[in-house]
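Chemist: Below is the structure I would like to discuss, written out as structure tokens.
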Amino acid sequence: MGARKVAVVGGGWAGCAAAVQAVEAGHEVTLFEMAGHLGGRARRVELDGTALDNGQHILIGAYGETLALMRRVGVAPDEALLRMPLRVMYPDGSGLLLAEGPALRTFPLAVLRYPGWSARERLALLAAAGGWALRGFGCRAGLSVSQLCAALPQKVRADFIEPLCVAALNTPAREACAQVFLRVLRDALFSGPGSSDLLLPRSDLSALLPDAAARWLEAAGATLRLSRRVQRLEADAGGWRVDGERFDAVVLAASPVEAARLVAPIDAGWAAQARALRFEPIVTVYAQADGATLPLPMMALREGPGAPAQFVFDHGRLGGPAGRLAFVVSGASGWLARGSEATAQAVLAQAREVLPAGTAPRLRLLRTLVEKRATFLCTPGLARPPAAIAPGLQAAGDYVAGPYPATLEGAVRSGKQAARALT
């Protein structure tokens, strides 16, 4: 099949991936984005003259498609990302610390050396992980992560399983799909050397991919139409019309809400499935502690009734302003019911309790960012809308049916696959 005229509706990471893939296949690409910039929910925002990410995103070594896309548009991952072995470390010094090397060897050693766990607790996690591996990291449908891990000691669940689950799926363990959780564990821990490494952005999220993708696309001859909200899609004699303009094919990489609005007149069932998704917010609380430095660029925090945050990032150790900290509250719906201000104050109180003594007195609030529809709730048996909507019309996004939860890698893979499916 020769070159086609392709529209990509939506300029998040899935849309960027789809547009680059389509251009590389020789197609004439027009990218529509309702905002004035690319990046979707993973981008830089300007607030009162201060540039902040609209949320904390991390990558892992297993994100092969995302790393390949970054390289394709001119971003060097080794420079843009700080690579470090997987660490789920708490301010009190406890936690899981993987050494460099294959996770098949380093993960058991890290568990056996976990401070604060008894021999019974360590062996219980190793036995469970071994059983998951022997079963190919699969389990019966309908299980939640809490049910999957019910036999594990409470301390293991609280210190390791629950923070890992909410970080990977943004869904509390009691609601999270065990099948997807195991898929993430398989790819992170056992898909090759370096797959479990944490890759922490040294730049803002827009510089990490969207800005470079925009430059690459324009240089390659693609058309970018920013600040343009598409109003309608219509089938037209073997092709599609986007607000009246004819295209041979369309990748719909908009949010599920926008996608459902556009697809409803074409396929009411698909639109209903997209609308049925439930979402979970993420709150990022930015604070400043002048002169403070954390022991690691990213640290875990223990969540509790008065402690909302599960992780804290030290931007000063990632090339940002010294003393700037970002606290992340995933699965934040319960806290947001109390209000964003109450959530932020609870985070600051939590931080003053657990962070190093020299940090706490200097801590002050900078900004609270709330992403109300950060990710879909990744629950057991969830029916996600398929990528194929109609001939020549493909959906792309981290919410589209696939093996991954709502992650950057899931978005990028979906975008690439949607563009490939057009041909």
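Residue names in the structure tokens use chain letters A, B, ... in the order shown, residue numbers from 1 in each chain, and ligand numbers from 1 in the order shown.
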Check which residues of segment 190-278 of chain A sit at most 9 Å from segment 50-56 of chain A using only C-alpha atoms, and return one row each with the closest pair of atoms and their distance in Å to one decimal, ordered by chain and rising number, as JSON lines.
Modeler:
```
{"residue": "A:Asp204", "atom": "CA", "partner": "A:Asp53", "partner_atom": "CA", "distance": 6.0}
{"residue": "A:Leu205", "atom": "CA", "partner": "A:Asp53", "partner_atom": "CA", "distance": 6.2}
{"residue": "A:Ser206", "atom": "CA", "partner": "A:Asp53", "partner_atom": "CA", "distance": 8.1}
```
Chemist: Name the residues of segment 273-377 of chain A that fall into helix (DSSP H, G or I) according to DSSP on the backbone, using the chain letters and numbers of this document, as number ranges by chain.
Modeler: A: 273-275, 315-318, 333-336, 340-354, 360-362
Chemist: Between A:Pro115, A:Pro210, A:Pro305, A:Gly269, which has the minimum distance to Val73 of chain A (counting only C-alpha atoms)?
Modeler: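 Nearest to Val73 of chain A: A:Pro210.
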Chemist: Of the candidates A:Leu277, A:Ala421, A:Leu112, A:Ala76, which one gets nearest to Val250 of chain A if we count only C-alpha atoms?
Modeler: A:Ala421
Chemist: Go through A:Gly64, A:Gly358, A:Gly306, A:Pro265 one by one, measure the shortest atom-to-atom distance of each to Gly410 of chain A using only C-alpha atoms, and give the residue with the smallest value.
Modeler: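 Comparing A:Gly64, A:Gly358, A:Gly306, A:Pro265 against Gly410 of chain A, the winner is A:Gly64.
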Chemist: Using only C-alpha atoms, which residues sit within 12 Å of Gly95 of chain A once same-chain residues fewer than 2 positions away are excluded, as JSON, numbers by chain?
Modeler: {"A": [86, 87, 88, 89, 90, 91, 92, 93, 97, 98, 110, 111, 112, 113, 114, 115, 116, 117, 122, 155, 156, 158, 159, 160, 161, 163, 164, 299, 300, 301, 302]}
Chemist: If you measure from atom CA of Gln179 of chain A to atom CA of Ala396 of chain A, what distance in Å do you get, rounded to one decimal?
Modeler: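 Between these atoms lies a distance of 21.7 Å.
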Chemist: Can you tell me, as a ChimeraX atom specification, what residues are no more than 6 Å from Arg202 of chain A when counting only C-alpha atoms, ignoring any on the same chain fewer than 2 positions away?
Modeler: /A:80-81,318-319
Chemist: Quick one: pull the distance between atom CA of Leu169 of chain A and atom CA of Val145 of chain A, Å, one decimal.
Modeler: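 If I compute the distance from atom CA of Leu169 of chain A to atom CA of Val145 of chain A, I get 10.6 Å.
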Chemist: Using only C-alpha atoms, can you tell me which of A:Glu341, A:Glu303, A:Glu33, A:Glu121 comes closest to Arg367 of chain A?
Modeler: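 Nearest to Arg367 of chain A: A:Glu341.
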